[in-house]
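*Asks:* Got a file for you: final-v7.cif, mmCIF, C-alpha atoms.
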data_data
loop_
_atom_site.label_atom_id
_atom_site.label_comp_id
_atom_site.auth_asym_id
_atom_site.auth_seq_id
_atom_site.Cartn_x
_atom_site.Cartn_y
_atom_site.Cartn_z
CA MET E 11 -10.43 -42.60 -67.37
CA ILE E 12 -12.98 -43.46 -64.69
CA THR E 13 -13.18 -46.16 -62.01
CA ALA E 14 -16.63 -47.48 -61.11
CA ASN E 15 -17.17 -48.22 -57.43
CA ILE E 16 -20.01 -50.60 -56.51
CA ILE E 17 -20.72 -51.85 -52.98
CA THR E 18 -22.68 -55.09 -52.70
CA LEU E 19 -24.30 -57.59 -50.38
CA ASN E 20 -26.19 -60.48 -51.99
CA GLU E 21 -26.84 -58.60 -55.23
CA GLN E 22 -26.74 -61.49 -57.70
CA GLU E 23 -29.94 -60.22 -59.33
CA ASN E 24 -28.48 -56.77 -59.95
CA ILE E 25 -24.73 -57.04 -60.32
CA LYS E 26 -24.59 -58.03 -63.99
CA ALA E 27 -26.86 -55.19 -65.12
CA VAL E 28 -25.08 -52.49 -63.14
CA ILE E 29 -21.62 -53.59 -64.32
CA GLU E 30 -22.77 -53.64 -67.93
CA SER E 31 -24.26 -50.18 -67.40
CA VAL E 32 -21.01 -48.57 -66.21
CA LYS E 33 -18.70 -50.47 -68.57
CA VAL E 34 -19.69 -48.05 -71.31
CA VAL E 35 -17.91 -45.15 -69.56
CA CYS E 36 -15.54 -46.81 -67.05
CA ASP E 37 -12.33 -48.65 -67.83
CA GLU E 38 -12.01 -50.07 -64.29
CA ILE E 39 -14.71 -51.59 -62.08
CA ILE E 40 -14.24 -52.23 -58.37
CA VAL E 41 -16.80 -54.19 -56.36
CA VAL E 42 -16.52 -54.03 -52.57
CA ASP E 43 -18.58 -56.95 -51.32
CA SER E 44 -19.85 -57.27 -47.75
CA GLN E 45 -19.39 -61.04 -47.54
CA SER E 46 -22.24 -62.08 -49.84
CA THR E 47 -23.57 -65.61 -49.52
CA ASP E 48 -25.02 -65.76 -53.04
CA ASN E 49 -23.31 -65.60 -56.47
CA THR E 50 -22.59 -61.85 -56.44
CA VAL E 51 -18.82 -62.23 -56.27
CA ALA E 52 -18.62 -64.97 -58.91
CA ILE E 53 -20.74 -62.97 -61.35
CA ALA E 54 -18.72 -59.79 -60.77
CA LYS E 55 -15.43 -61.60 -61.36
CA SER E 56 -16.77 -63.19 -64.54
CA LEU E 57 -17.41 -59.67 -65.83
CA ASP E 58 -13.80 -58.62 -65.13
CA ALA E 59 -14.56 -56.56 -62.04
CA LYS E 60 -11.92 -56.27 -59.32
CA VAL E 61 -13.58 -57.69 -56.19
CA ILE E 62 -12.54 -56.81 -52.65
CA VAL E 63 -14.32 -58.52 -49.74
CA GLN E 64 -14.81 -56.24 -46.77
CA ALA E 65 -17.21 -56.59 -43.84
CA TYR E 66 -19.74 -53.76 -43.99
CA LEU E 67 -18.39 -50.53 -42.52
CA GLY E 68 -21.40 -48.33 -43.19
CA ASP E 69 -22.59 -46.75 -46.43
CA GLY E 70 -20.12 -43.89 -46.67
CA ALA E 71 -17.21 -45.77 -45.11
CA GLN E 72 -17.68 -48.73 -47.45
CA LYS E 73 -17.67 -46.46 -50.50
CA ALA E 74 -14.64 -44.58 -49.20
CA PHE E 75 -12.82 -47.86 -48.54
CA ALA E 76 -12.94 -48.81 -52.23
CA VAL E 77 -11.10 -45.70 -53.40
CA GLN E 78 -7.69 -46.93 -52.26
CA TYR E 79 -7.86 -49.65 -54.94
CA ALA E 80 -8.75 -47.29 -57.80
CA THR E 81 -6.04 -46.51 -60.34
CA ASN E 82 -7.95 -43.55 -61.80
CA ASP E 83 -8.50 -40.12 -60.24
CA TRP E 84 -12.18 -40.02 -61.15
CA ILE E 85 -14.61 -42.30 -59.33
CA LEU E 86 -18.15 -43.15 -60.41
CA SER E 87 -19.93 -44.47 -57.32
CA ILE E 88 -23.09 -46.36 -58.19
CA ASP E 89 -25.29 -48.69 -56.15
CA ALA E 90 -26.10 -52.18 -57.34
CA ASP E 91 -29.76 -51.31 -57.87
CA GLU E 92 -28.93 -48.28 -60.02
CA ARG E 93 -28.21 -47.92 -63.73
CA LEU E 94 -26.90 -45.11 -65.92
CA ASP E 95 -29.65 -43.71 -68.12
CA ASP E 96 -28.74 -43.02 -71.75
CA ASP E 97 -28.49 -39.29 -71.05
CA ALA E 98 -26.06 -39.97 -68.19
CA ILE E 99 -23.83 -42.07 -70.43
CA GLN E 100 -23.74 -39.30 -73.01
CA ALA E 101 -23.17 -36.59 -70.40
CA ILE E 102 -20.19 -38.45 -68.93
CA LYS E 103 -18.71 -39.02 -72.38
CA ASP E 104 -19.02 -35.30 -73.11
CA LEU E 105 -17.15 -34.24 -69.95
CA GLU E 106 -13.55 -33.04 -70.18
CA LEU E 107 -12.50 -34.36 -66.82
CA GLN E 108 -8.84 -33.52 -67.25
CA ASN E 109 -9.66 -29.84 -67.62
CA THR E 110 -12.70 -29.35 -65.42
CA SER E 111 -12.67 -26.96 -62.47
CA PHE E 112 -15.34 -28.97 -60.66
CA ASP E 113 -14.61 -31.49 -57.91
CA ALA E 114 -17.70 -33.57 -58.63
CA PHE E 115 -20.83 -33.99 -60.72
CA SER E 116 -24.37 -34.85 -59.65
CA PHE E 117 -27.23 -36.66 -61.35
CA ALA E 118 -30.99 -36.54 -60.95
CA ARG E 119 -32.35 -39.90 -59.93
CA LYS E 120 -35.52 -41.63 -61.14
CA THR E 121 -36.65 -44.12 -58.53
CA PHE E 122 -38.97 -47.04 -59.26
CA ILE E 123 -41.08 -49.36 -57.14
CA GLY E 124 -41.50 -52.33 -59.43
CA LYS E 125 -42.16 -50.72 -62.80
CA GLU E 126 -43.76 -47.62 -61.30
CA PHE E 127 -41.79 -44.36 -61.51
CA ILE E 128 -42.27 -42.53 -58.20
CA ARG E 129 -42.56 -38.86 -59.18
CA LEU E 130 -42.74 -37.79 -55.54
CA TRP E 131 -39.08 -38.68 -55.05
CA TYR E 132 -37.85 -36.93 -58.20
CA PRO E 133 -35.32 -35.40 -58.80
CA ASP E 134 -33.55 -36.86 -55.72
CA ARG E 135 -30.23 -35.42 -56.89
CA VAL E 136 -27.12 -37.39 -55.89
CA THR E 137 -23.40 -36.66 -56.34
CA ARG E 138 -21.72 -39.76 -57.72
CA LEU E 139 -18.87 -38.77 -60.08
CA TYR E 140 -15.98 -37.17 -58.22
CA ASN E 141 -12.23 -36.59 -58.21
CA LYS E 142 -10.75 -38.68 -55.40
CA ASN E 143 -7.88 -36.21 -54.97
CA LYS E 144 -10.25 -33.36 -54.16
CA CYS E 145 -13.13 -34.94 -52.25
CA GLY E 146 -14.76 -38.19 -51.22
CA PHE E 147 -17.55 -39.85 -49.27
CA SER E 148 -18.00 -38.97 -45.63
CA THR E 149 -17.63 -41.91 -43.27
CA ALA E 150 -20.44 -40.91 -40.91
CA GLY E 151 -23.25 -43.34 -40.17
CA GLY E 152 -26.35 -43.62 -42.32
CA HIS E 153 -26.52 -42.74 -45.99
CA ALA E 154 -23.42 -40.62 -46.56
CA LYS E 155 -22.62 -38.20 -49.38
CA VAL E 156 -19.63 -36.80 -51.25
CA GLU E 157 -18.26 -33.90 -49.22
CA THR E 158 -17.70 -30.89 -51.46
CA ASP E 159 -19.61 -27.79 -52.52
CA ASN E 160 -17.85 -27.55 -55.88
CA ILE E 161 -20.40 -29.66 -57.74
CA LYS E 162 -21.86 -29.28 -61.21
CA LYS E 163 -25.42 -30.51 -61.74
CA LEU E 164 -25.67 -32.61 -64.87
CA ASN E 165 -28.89 -32.73 -66.85
CA ALA E 166 -28.70 -36.51 -66.71
CA HIS E 167 -30.23 -39.38 -64.78
CA LEU E 168 -29.57 -42.47 -62.74
CA LEU E 169 -32.30 -45.10 -62.81
CA HIS E 170 -32.92 -46.43 -59.31
CA TYR E 171 -34.74 -49.77 -59.09
CA SER E 172 -35.15 -49.43 -55.38
CA TYR E 173 -37.87 -51.92 -54.51
CA LYS E 174 -39.57 -54.83 -56.29
CA ASP E 175 -42.90 -53.91 -54.71
CA TYR E 176 -44.44 -52.14 -51.73
CA SER E 177 -44.01 -55.20 -49.56
CA GLU E 178 -40.24 -54.99 -49.99
CA MET E 179 -40.35 -51.24 -49.39
CA ILE E 180 -42.13 -51.70 -46.07
CA LYS E 181 -39.72 -54.44 -45.00
CA THR E 182 -36.69 -52.30 -45.88
CA SER E 183 -38.11 -49.20 -44.20
CA HIS E 184 -38.01 -51.08 -40.89
CA LYS E 185 -34.23 -51.35 -41.18
CA PHE E 186 -33.81 -47.66 -42.02
CA ILE E 187 -36.16 -46.55 -39.22
CA THR E 188 -34.25 -48.58 -36.64
CA ARG E 189 -30.83 -47.49 -37.88
CA GLY E 190 -31.88 -43.84 -38.16
CA ALA E 191 -33.27 -43.82 -34.63
CA ARG E 192 -30.14 -45.45 -33.22
CA ILE E 193 -27.79 -43.02 -34.99
CA ALA E 194 -29.89 -40.05 -33.87
CA TYR E 195 -29.98 -41.24 -30.27
CA GLU E 196 -26.26 -41.93 -30.17
CA SER E 197 -25.77 -38.37 -31.48
CA ASN E 198 -27.68 -37.12 -28.41
CA LYS E 199 -30.96 -36.54 -30.23
CA ARG E 200 -33.83 -36.67 -27.76
CA ALA E 201 -37.59 -36.81 -28.25
CA SER E 202 -40.63 -35.57 -26.35
CA THR E 203 -43.91 -37.47 -26.05
CA LEU E 204 -45.41 -35.37 -28.85
CA ASP E 205 -42.47 -35.65 -31.26
CA PRO E 206 -43.64 -38.86 -33.03
CA ILE E 207 -47.04 -37.25 -33.74
CA ILE E 208 -45.59 -33.90 -34.79
CA HIS E 209 -42.98 -35.40 -37.10
CA GLY E 210 -45.35 -38.00 -38.51
CA ILE E 211 -47.99 -35.40 -39.41
CA GLY E 212 -45.26 -33.07 -40.68
CA ALA E 213 -43.86 -35.74 -42.99
CA LEU E 214 -47.33 -36.51 -44.34
CA PHE E 215 -48.06 -32.81 -44.98
CA LYS E 216 -44.71 -32.32 -46.70
CA ALA E 217 -45.16 -35.35 -48.95
CA LEU E 218 -48.80 -34.80 -49.88
CA ILE E 219 -48.99 -30.99 -49.98
CA VAL E 220 -45.53 -29.43 -50.29
CA LYS E 221 -44.26 -32.05 -52.75
CA ARG E 222 -47.74 -32.38 -54.28
CA GLY E 223 -47.91 -36.13 -53.78
CA ILE E 224 -51.67 -35.75 -53.51
CA PHE E 225 -51.69 -35.26 -57.30
CA HIS E 226 -49.44 -38.26 -58.06
CA GLY E 227 -52.13 -40.92 -57.93
CA ILE E 228 -52.09 -43.95 -55.65
CA ASN E 229 -48.29 -44.14 -55.72
CA GLY E 230 -48.09 -40.62 -54.32
CA TRP E 231 -50.42 -41.55 -51.49
CA ASN E 232 -48.68 -44.84 -50.75
CA VAL E 233 -45.23 -43.30 -50.55
CA SER E 234 -46.51 -40.38 -48.47
CA VAL E 235 -48.09 -42.68 -45.91
CA VAL E 236 -44.98 -44.84 -45.61
CA SER E 237 -42.87 -41.69 -45.23
CA ALA E 238 -45.12 -40.43 -42.45
CA PHE E 239 -45.06 -43.81 -40.69
CA SER E 240 -41.26 -43.94 -40.91
CA SER E 241 -40.90 -40.48 -39.41
CA TYR E 242 -43.39 -41.28 -36.65
CA MET E 243 -41.67 -44.55 -35.72
CA LYS E 244 -38.18 -43.05 -35.77
CA TYR E 245 -39.14 -40.67 -32.97
CA ALA E 246 -41.17 -43.35 -31.21
CA LEU E 247 -38.03 -45.51 -31.10
CA ILE E 248 -35.89 -42.61 -29.85
CA LEU E 249 -38.45 -42.06 -27.09
CA GLU E 250 -38.34 -45.76 -26.24
CA MET E 251 -34.52 -45.69 -26.03
CA GLN E 252 -34.71 -42.76 -23.64
CA LYS E 253 -37.17 -44.54 -21.36
CA ASN E 254 -35.10 -47.72 -21.37
CA ASP E 255 -32.00 -45.81 -20.35
CA GLU E 256 -33.92 -43.97 -17.63
CA ASN E 257 -35.20 -47.27 -16.23
CA LYS E 258 -31.61 -48.49 -15.91
CA LEU E 259 -30.76 -45.65 -13.51
#
Let's see the structure in the file written out as structure tokens.
*Replies:*
Amino acid sequence: MITANIITLNEQENIKAVIESVKVVCDEIIVVDSQSTDNTVAIAKSLDAKVIVQAYLGDGAQKAFAVQYATNDWILSIDADERLDDDAIQAIKDLELQNTSFDAFSFARKTFIGKEFIRLWYPDRVTRLYNKNKCGFSTAGGHAKVETDNIKKLNAHLLHYSYKDYSEMIKTSHKFITRGARIAYESNKRASTLDPIIHGIGALFKALIVKRGIFHGINGWNVSVVSAFSSYMKYALILEMQKNDENKL
């Protein structure tokens, strides 16, 4: 028996599809909603999900918060813009969770921008099925993960419909750049004048050459450039924060 855990904020376009996706393998569905202003909550309730409204605590903390309401030991944490692929559904059905020695299971993730599969980001493995009595999500800032080393990699996939188009990707990247810079700075990360350039060029080299994005067509180039820009601006913002603090002295 598995409890699905979905965190949401204004996900009326996604919530029905993700709930229907996990219903095949989960007998309980919990939605922790960060005070949506659209029809997310109403749709979730109409599909028999248990809805808890909680102001956003951070990615890991929000996912950890939901666990207290789960009646099952095994939790399947899935984002609203993700779906279980057919191979993931079968893999979960084949698991003997009552007898397994593993704390958690991970999936490879196929990410899409619109209808385009972004090979550069594959396999982007994520741990999403776990025993709440043995491990759970960290509550640190940023995108958190399940904290355990006792993980089995499943030959199965999550489908990640991350962005509708590149315009949405660029808009969203601004949020992640700003949050990443703030978290890094508050963790005493400091930057030199050259760091934005070094990290920006490094991110571009890694994406195009190391991950072979140069051979992935225009999508490989687009994603590589956005990645490089994000890395550059993260360190540019850290540098700006430093200078602002220095000017206050």
*Asks:* Between CA of Ile123 (chain E) and CA of Leu169 (chain E), what is the distance in Å, rounded to a tenth?
*Replies:*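 Pair CA of Ile123 (chain E) / CA of Leu169 (chain E) returns 11.3 Å.
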*Asks:* Can you work out which one of E:Phe115, E:His170, E:Tyr176, E:Glu196 has the shortest atom-to-atom distance to Ile228 (chain E), counting all atoms listed in the file?
*Replies:* E:Tyr176
*Asks:* Specify as a PyMOL selection string each residue included when the PyMOL selection byres ((chain E and resi 117-120) around 9) is applied to this file.
*Replies:* chain E and resi 98+115-116+121-122+127-129+131-139+163-171
*Asks:* Report, in Å to a single decimal, how far apart CA of Ile53 (chain E) and CA of Ile12 (chain E) are.
*Replies:* 21.3 Å
*Asks:* Restricting the calculation to only C-alpha atoms: of E:Thr50, E:Asn143, E:Ser237, E:Gln22, which residue gets closest to Phe215 (chain E)?
*Replies:*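 Going through E:Thr50, E:Asn143, E:Ser237, E:Gln22 one by one, the smallest distance to Phe215 (chain E) is for E:Ser237.
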*Asks:* Quick one: pull the distance between CA of Tyr245 (chain E) and CA of Lys258 (chain E), Å, one decimal.
*Replies:* 20.2 Å
*Asks:* Could you tell me which residues the PyMOL selection byres ((chain E and resi 25) around 10) grabs in this file, written as a PyMOL selection string?
*Replies:* chain E and resi 16-24+26-31+41+49-51+53-54+57+89-92
